[in-house]
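Undergrad: Just one file: work-v1.csv, with CSV, C-alpha atoms.
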chain,number,residue,atom,x,y,z
A,1,MET,CA,126.0,126.2,96.5
A,2,ILE,CA,127.9,127.4,99.6
A,3,GLU,CA,130.7,129.5,98.2
A,4,ASP,CA,132.1,132.8,99.7
A,5,ASP,CA,133.8,133.8,96.4
A,6,TYR,CA,131.0,135.9,94.9
A,7,GLU,CA,132.6,136.2,91.5
A,8,LEU,CA,133.2,132.4,91.2
A,9,SER,CA,129.7,131.7,92.5
A,10,GLN,CA,128.2,133.9,89.7
A,11,ILE,CA,130.4,132.3,87.0
A,12,LEU,CA,129.4,128.7,88.1
A,13,THR,CA,125.8,129.6,88.5
A,14,GLU,CA,125.6,131.1,85.0
A,15,TYR,CA,127.4,128.1,83.5
A,16,LEU,CA,125.3,125.5,85.3
A,17,ASN,CA,122.1,127.3,84.2
A,18,LYS,CA,123.1,126.6,80.6
A,19,PHE,CA,122.7,122.9,81.4
A,20,ASP,CA,119.3,123.4,83.1
A,21,ILE,CA,120.9,123.2,86.6
A,22,ASP,CA,119.3,125.8,88.8
A,23,VAL,CA,121.5,127.1,91.6
A,24,VAL,CA,120.8,128.8,94.9
A,25,ALA,CA,124.0,130.4,96.2
A,26,ALA,CA,124.9,131.3,99.8
A,27,GLU,CA,128.1,133.1,100.7
A,28,GLU,CA,127.9,132.1,104.4
A,29,PRO,CA,127.7,128.5,105.6
A,30,TYR,CA,125.0,129.2,108.2
A,31,ILE,CA,122.8,130.7,105.6
A,32,GLY,CA,123.3,127.6,103.4
A,33,LEU,CA,122.4,125.3,106.3
A,34,SER,CA,119.3,127.4,107.0
A,35,LEU,CA,118.2,127.2,103.3
A,36,LEU,CA,118.6,123.4,103.5
A,37,THR,CA,115.8,123.3,106.1
A,38,GLN,CA,113.5,125.6,104.1
A,39,HIS,CA,113.8,124.1,100.6
A,40,LYS,CA,114.3,120.8,98.9
A,41,PHE,CA,117.6,120.6,97.0
A,42,ASP,CA,119.1,117.8,94.9
A,43,LEU,CA,122.8,118.5,95.7
A,44,ILE,CA,125.2,120.8,97.5
A,45,ILE,CA,128.4,122.3,96.1
A,46,LEU,CA,130.5,123.2,99.1
A,47,ASP,CA,133.6,125.3,99.5
A,48,LEU,CA,135.8,124.5,102.5
A,49,THR,CA,137.4,127.9,103.3
A,50,LEU,CA,134.3,129.8,104.6
A,51,PRO,CA,133.7,132.6,107.0
A,52,GLY,CA,132.6,131.6,110.5
A,53,ILE,CA,133.0,127.8,110.1
A,54,ASP,CA,135.2,125.6,108.1
A,55,GLY,CA,133.6,123.6,105.3
A,56,LEU,CA,134.8,120.3,106.9
A,57,GLU,CA,132.6,121.2,109.9
A,58,VAL,CA,129.6,122.0,107.7
A,59,ILE,CA,129.5,118.5,106.2
A,60,PRO,CA,128.5,116.7,109.5
A,61,LYS,CA,126.0,119.5,110.2
A,62,VAL,CA,124.4,118.7,106.8
A,63,ARG,CA,124.5,115.0,107.5
A,64,GLU,CA,122.6,115.6,110.8
A,65,GLN,CA,119.5,116.6,108.8
A,66,SER,CA,119.9,115.2,105.3
A,67,SER,CA,121.6,112.6,103.0
A,68,ILE,CA,121.7,115.1,100.1
A,69,PRO,CA,124.8,114.5,97.9
A,70,ILE,CA,127.7,116.9,98.6
A,71,ILE,CA,130.4,117.9,96.1
A,72,VAL,CA,133.3,119.7,97.8
A,73,SER,CA,134.8,122.4,95.6
A,74,SER,CA,137.9,123.8,97.2
A,75,ALA,CA,141.3,125.3,96.5
A,76,ARG,CA,142.7,123.2,99.3
A,77,ASP,CA,144.2,120.2,97.6
A,78,ASP,CA,145.8,118.6,100.7
A,79,ILE,CA,145.0,114.9,100.7
A,80,THR,CA,144.1,115.2,104.4
A,81,ASP,CA,141.3,117.6,103.6
A,82,LYS,CA,140.0,115.2,100.9
A,83,VAL,CA,140.1,112.2,103.2
A,84,VAL,CA,138.4,114.0,106.1
A,85,ALA,CA,135.7,115.4,103.7
A,86,MET,CA,134.9,112.0,102.3
A,87,GLU,CA,135.0,110.4,105.8
A,88,ARG,CA,132.5,113.0,107.1
A,89,GLY,CA,130.1,112.3,104.3
A,90,ALA,CA,131.1,114.2,101.1
A,91,ASP,CA,130.3,112.4,97.9
A,92,ASP,CA,133.0,114.0,95.7
A,93,TYR,CA,136.0,116.3,96.0
A,94,MET,CA,137.1,118.7,93.2
A,95,PRO,CA,140.3,120.8,93.8
A,96,LYS,CA,140.1,124.3,92.3
A,97,PRO,CA,140.8,125.3,89.6
A,98,TYR,CA,138.8,122.9,87.4
A,99,ASP,CA,136.9,123.1,84.1
A,100,PRO,CA,133.2,123.8,84.8
A,101,ARG,CA,132.4,121.1,82.3
A,102,GLU,CA,133.8,118.6,84.7
A,103,LEU,CA,131.6,119.9,87.4
A,104,VAL,CA,128.5,119.4,85.2
A,105,THR,CA,129.6,115.8,84.5
A,106,ARG,CA,130.2,115.1,88.2
A,107,ILE,CA,126.8,116.6,89.1
A,108,LYS,CA,124.9,114.6,86.5
A,109,THR,CA,126.7,111.4,87.5
A,110,ILE,CA,125.9,111.7,91.2
A,111,LEU,CA,122.3,112.7,90.5
A,112,ARG,CA,121.8,109.7,88.1
A,113,ARG,CA,123.3,107.4,90.8
A,114,VAL,CA,120.9,108.8,93.4
A,115,GLN,CA,117.9,108.5,91.1
A,116,ASN,CA,118.7,104.9,90.2
A,117,HIS,CA,119.1,104.0,93.9
A,118,ASP,CA,115.8,105.6,94.7
A,119,GLU,CA,114.1,103.7,91.9
A,120,ASN,CA,115.6,100.4,92.9
A,121,SER,CA,114.8,100.8,96.6
A,122,SER,CA,111.6,99.3,97.7
A,123,PRO,CA,109.9,100.7,100.8
A,124,ALA,CA,110.3,98.7,104.0
A,125,SER,CA,107.5,96.3,104.7
A,126,LEU,CA,105.3,96.8,107.7
A,127,PHE,CA,105.2,93.0,108.2
A,128,GLU,CA,108.5,91.1,108.7
A,129,LEU,CA,108.2,87.3,108.6
A,130,ASN,CA,110.9,85.1,110.1
A,131,ASP,CA,110.1,81.5,109.3
A,132,LYS,CA,113.1,80.0,111.1
A,133,ALA,CA,112.4,81.8,114.4
A,134,ARG,CA,108.6,81.5,113.7
A,135,ASN,CA,107.9,85.1,114.6
A,136,ILE,CA,106.3,88.1,112.8
A,137,THR,CA,106.9,91.7,113.5
A,138,PHE,CA,104.4,94.4,112.6
A,139,LYS,CA,105.7,98.0,112.5
A,140,ASN,CA,108.8,96.8,114.3
A,141,ARG,CA,106.7,95.3,117.1
A,142,LEU,CA,106.9,91.6,117.8
A,143,LEU,CA,103.4,90.0,117.7
A,144,GLU,CA,102.4,87.4,120.3
A,145,LEU,CA,100.8,84.8,118.1
A,146,THR,CA,99.7,81.2,118.7
A,147,ALA,CA,101.1,78.6,116.4
A,148,ALA,CA,97.9,78.6,114.4
A,149,GLU,CA,97.7,82.4,114.2
A,150,PHE,CA,101.3,82.4,113.0
A,151,ASP,CA,100.5,80.0,110.2
A,152,ILE,CA,97.5,82.0,109.0
A,153,LEU,CA,99.3,85.4,109.1
A,154,SER,CA,102.4,84.0,107.5
A,155,ILE,CA,100.3,82.6,104.6
A,156,LEU,CA,98.6,86.0,104.2
A,157,ILE,CA,102.0,87.8,104.2
A,158,THR,CA,103.4,85.3,101.7
A,159,HIS,CA,100.5,86.1,99.4
A,160,LYS,CA,100.4,89.8,100.2
A,161,ASN,CA,97.9,91.8,98.0
A,162,SER,CA,96.3,88.6,96.8
A,163,ALA,CA,93.1,86.9,98.0
A,164,VAL,CA,93.6,83.7,99.9
A,165,SER,CA,90.7,81.4,100.4
A,166,ARG,CA,89.6,80.1,103.8
A,167,GLU,CA,90.2,76.6,102.5
A,168,GLN,CA,93.8,77.4,101.7
A,169,LEU,CA,94.3,79.0,105.1
A,170,LEU,CA,92.9,75.9,106.7
A,171,TYR,CA,94.7,73.2,104.8
A,172,ASP,CA,98.1,75.0,104.4
A,173,SER,CA,98.3,75.5,108.2
A,174,ASN,CA,100.4,73.0,110.1
A,175,HIS,CA,98.7,73.7,113.4
A,176,ILE,CA,95.0,73.6,112.5
A,177,ASP,CA,93.2,70.3,112.4
A,178,ASP,CA,91.9,69.5,108.9
A,179,SER,CA,88.6,68.6,110.4
A,180,SER,CA,88.2,72.0,111.8
A,181,SER,CA,85.3,74.2,110.6
A,182,ILE,CA,86.0,76.9,108.0
A,183,LYS,CA,84.4,79.3,110.4
A,184,ASN,CA,87.3,78.7,112.8
A,185,ILE,CA,89.4,80.7,110.3
A,186,ASP,CA,87.1,83.7,110.7
A,187,VAL,CA,87.6,83.5,114.5
A,188,MET,CA,91.4,83.3,114.2
A,189,ILE,CA,91.4,86.2,111.7
A,190,SER,CA,89.4,88.2,114.2
A,191,ARG,CA,92.0,87.5,116.9
A,192,ILE,CA,94.9,88.4,114.6
A,193,ARG,CA,93.2,91.7,113.7
A,194,HIS,CA,92.8,92.4,117.3
A,195,LYS,CA,96.5,91.9,117.9
A,196,LEU,CA,97.4,94.1,114.9
A,197,SER,CA,95.1,96.8,116.3
A,198,MET,CA,97.1,96.9,119.5
A,199,VAL,CA,99.9,98.2,117.4
A,200,ASP,CA,97.8,100.3,114.9
A,201,ASN,CA,94.2,100.8,115.8
A,202,GLU,CA,93.5,103.3,113.0
A,203,ASN,CA,93.9,101.0,110.0
A,204,SER,CA,92.8,97.5,108.9
A,205,TYR,CA,95.3,95.5,107.1
A,206,ILE,CA,93.4,92.2,106.6
A,207,LYS,CA,90.5,92.7,104.2
A,208,PRO,CA,87.6,90.3,103.6
A,209,VAL,CA,87.2,89.2,100.0
A,210,ARG,CA,83.5,88.3,99.4
A,211,GLY,CA,83.0,84.7,98.5
A,212,ILE,CA,86.7,83.8,98.8
A,213,GLY,CA,88.5,84.6,102.0
A,214,TYR,CA,91.0,87.3,103.0
A,215,LEU,CA,93.6,89.6,101.6
A,216,LEU,CA,96.5,91.2,103.5
A,217,THR,CA,97.6,94.6,102.2
A,218,GLU,CA,99.8,97.4,103.5
A,219,LYS,CA,97.9,100.0,101.5
A,220,VAL,CA,95.3,101.5,103.8
Before anything else, please render the file you have as structure tokens.
TA:
Amino acid sequence: MIEDDYELSQILTEYLNKFDIDVVAAEEPYIGLSLLTQHKFDLIILDLTLPGIDGLEVIPKVREQSSIPIIVSSARDDITDKVVAMERGADDYMPKPYDPRELVTRIKTILRRVQNHDENSSPASLFELNDKARNITFKNRLLELTAAEFDILSILITHKNSAVSREQLLYDSNHIDDSSSIKNIDVMISRIRHKLSMVDNENSYIKPVRGIGYLLTEKV
């Protein structure tokens, strides 16, 4: 909480503690910004009328280093302040005075939304397959692949974390002759691994599966 009114800060802190919400209070904005770099917080309650720098200027400084939710808590009820605060990255705006029970509700609502977003967000894939353009990027680097190498790697990506037999790699490829030897798959896998190593030479993403074929994984 960045709030220069010590008495109000104490009242809110004690009230929020009753709902298992721990509060670290800072009376000056630069102290609050410094604390943000030293500790992990779930949310910021920000006053606007602060010593040294206006709260509206604090919001973009927070956004330079964090996407942490911000609830503005201010006696300034001018619609312009609210619009500017929201445009600069605030998540909510509460004009003072307000019932502390409402603050608890706003905090829990925002934290629940953030938690649900985090749970539903899947991490970005290291491999990005574009079938229409027939290209594959690995760690945001475009791979230079032959048509046959593209077929093999795209099949492995499509079946990520599952074993794919050499026979499937051979017969599902559109650019490998069906009469080719199964051993040709091993040669092409070796070439693909080499091209991946030019981007990341510390990890192996294509694993051999004894008696079957190969498996592509992003867990190294």
Undergrad: Stretch 165-178 of chain A: which residues within 10 Å, counting only C-alpha atoms, same-chain residues fewer than 2 positions away excluded, as an NGL selection string?
TA: :A and (146-156 or 162-163 or 180-186 or 208-209 or 211-215)
Undergrad: Please save C-alpha atoms of the selected residues as a JSON list (two decimals), keeping the file's coordinate frame.
TA:
[["chain", "number", "residue", "atom", "x", "y", "z"],
["A", 146, "THR", "CA", 99.70, 81.20, 118.70],
["A", 147, "ALA", "CA", 101.10, 78.60, 116.40],
["A", 148, "ALA", "CA", 97.90, 78.60, 114.40],
["A", 149, "GLU", "CA", 97.70, 82.40, 114.20],
["A", 150, "PHE", "CA", 101.30, 82.40, 113.00],
["A", 151, "ASP", "CA", 100.50, 80.00, 110.20],
["A", 152, "ILE", "CA", 97.50, 82.00, 109.00],
["A", 153, "LEU", "CA", 99.30, 85.40, 109.10],
["A", 154, "SER", "CA", 102.40, 84.00, 107.50],
["A", 155, "ILE", "CA", 100.30, 82.60, 104.60],
["A", 156, "LEU", "CA", 98.60, 86.00, 104.20],
["A", 162, "SER", "CA", 96.30, 88.60, 96.80],
["A", 163, "ALA", "CA", 93.10, 86.90, 98.00],
["A", 180, "SER", "CA", 88.20, 72.00, 111.80],
["A", 181, "SER", "CA", 85.30, 74.20, 110.60],
["A", 182, "ILE", "CA", 86.00, 76.90, 108.00],
["A", 183, "LYS", "CA", 84.40, 79.30, 110.40],
["A", 184, "ASN", "CA", 87.30, 78.70, 112.80],
["A", 185, "ILE", "CA", 89.40, 80.70, 110.30],
["A", 186, "ASP", "CA", 87.10, 83.70, 110.70],
["A", 208, "PRO", "CA", 87.60, 90.30, 103.60],
["A", 209, "VAL", "CA", 87.20, 89.20, 100.00],
["A", 211, "GLY", "CA", 83.00, 84.70, 98.50],
["A", 212, "ILE", "CA", 86.70, 83.80, 98.80],
["A", 213, "GLY", "CA", 88.50, 84.60, 102.00],
["A", 214, "TYR", "CA", 91.00, 87.30, 103.00],
["A", 215, "LEU", "CA", 93.60, 89.60, 101.60]]
Undergrad: Looking at only C-alpha atoms, which of A:Asp81, A:Asp200, A:Glu87, A:Glu57 is the one that sits closest to A:Asn140?
TA: A:Asp200
Undergrad: Take atom CA of A:Arg191 and atom CA of A:Lys132 and report the distance between them in Å, one decimal.
TA: 23.1 Å
Undergrad: Which residue, A:Met188, A:Ile107, A:Leu145, A:Ile31, has the smallest gap to A:Ile44 when you use only C-alpha atoms?
TA: A:Ile107
Undergrad: So how far away is atom CA of A:Lys18 from atom CA of A:Ala85, in Å?
TA: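 Going from atom CA of A:Ala85 over to atom CA of A:Lys18, I get 28.6 Å.
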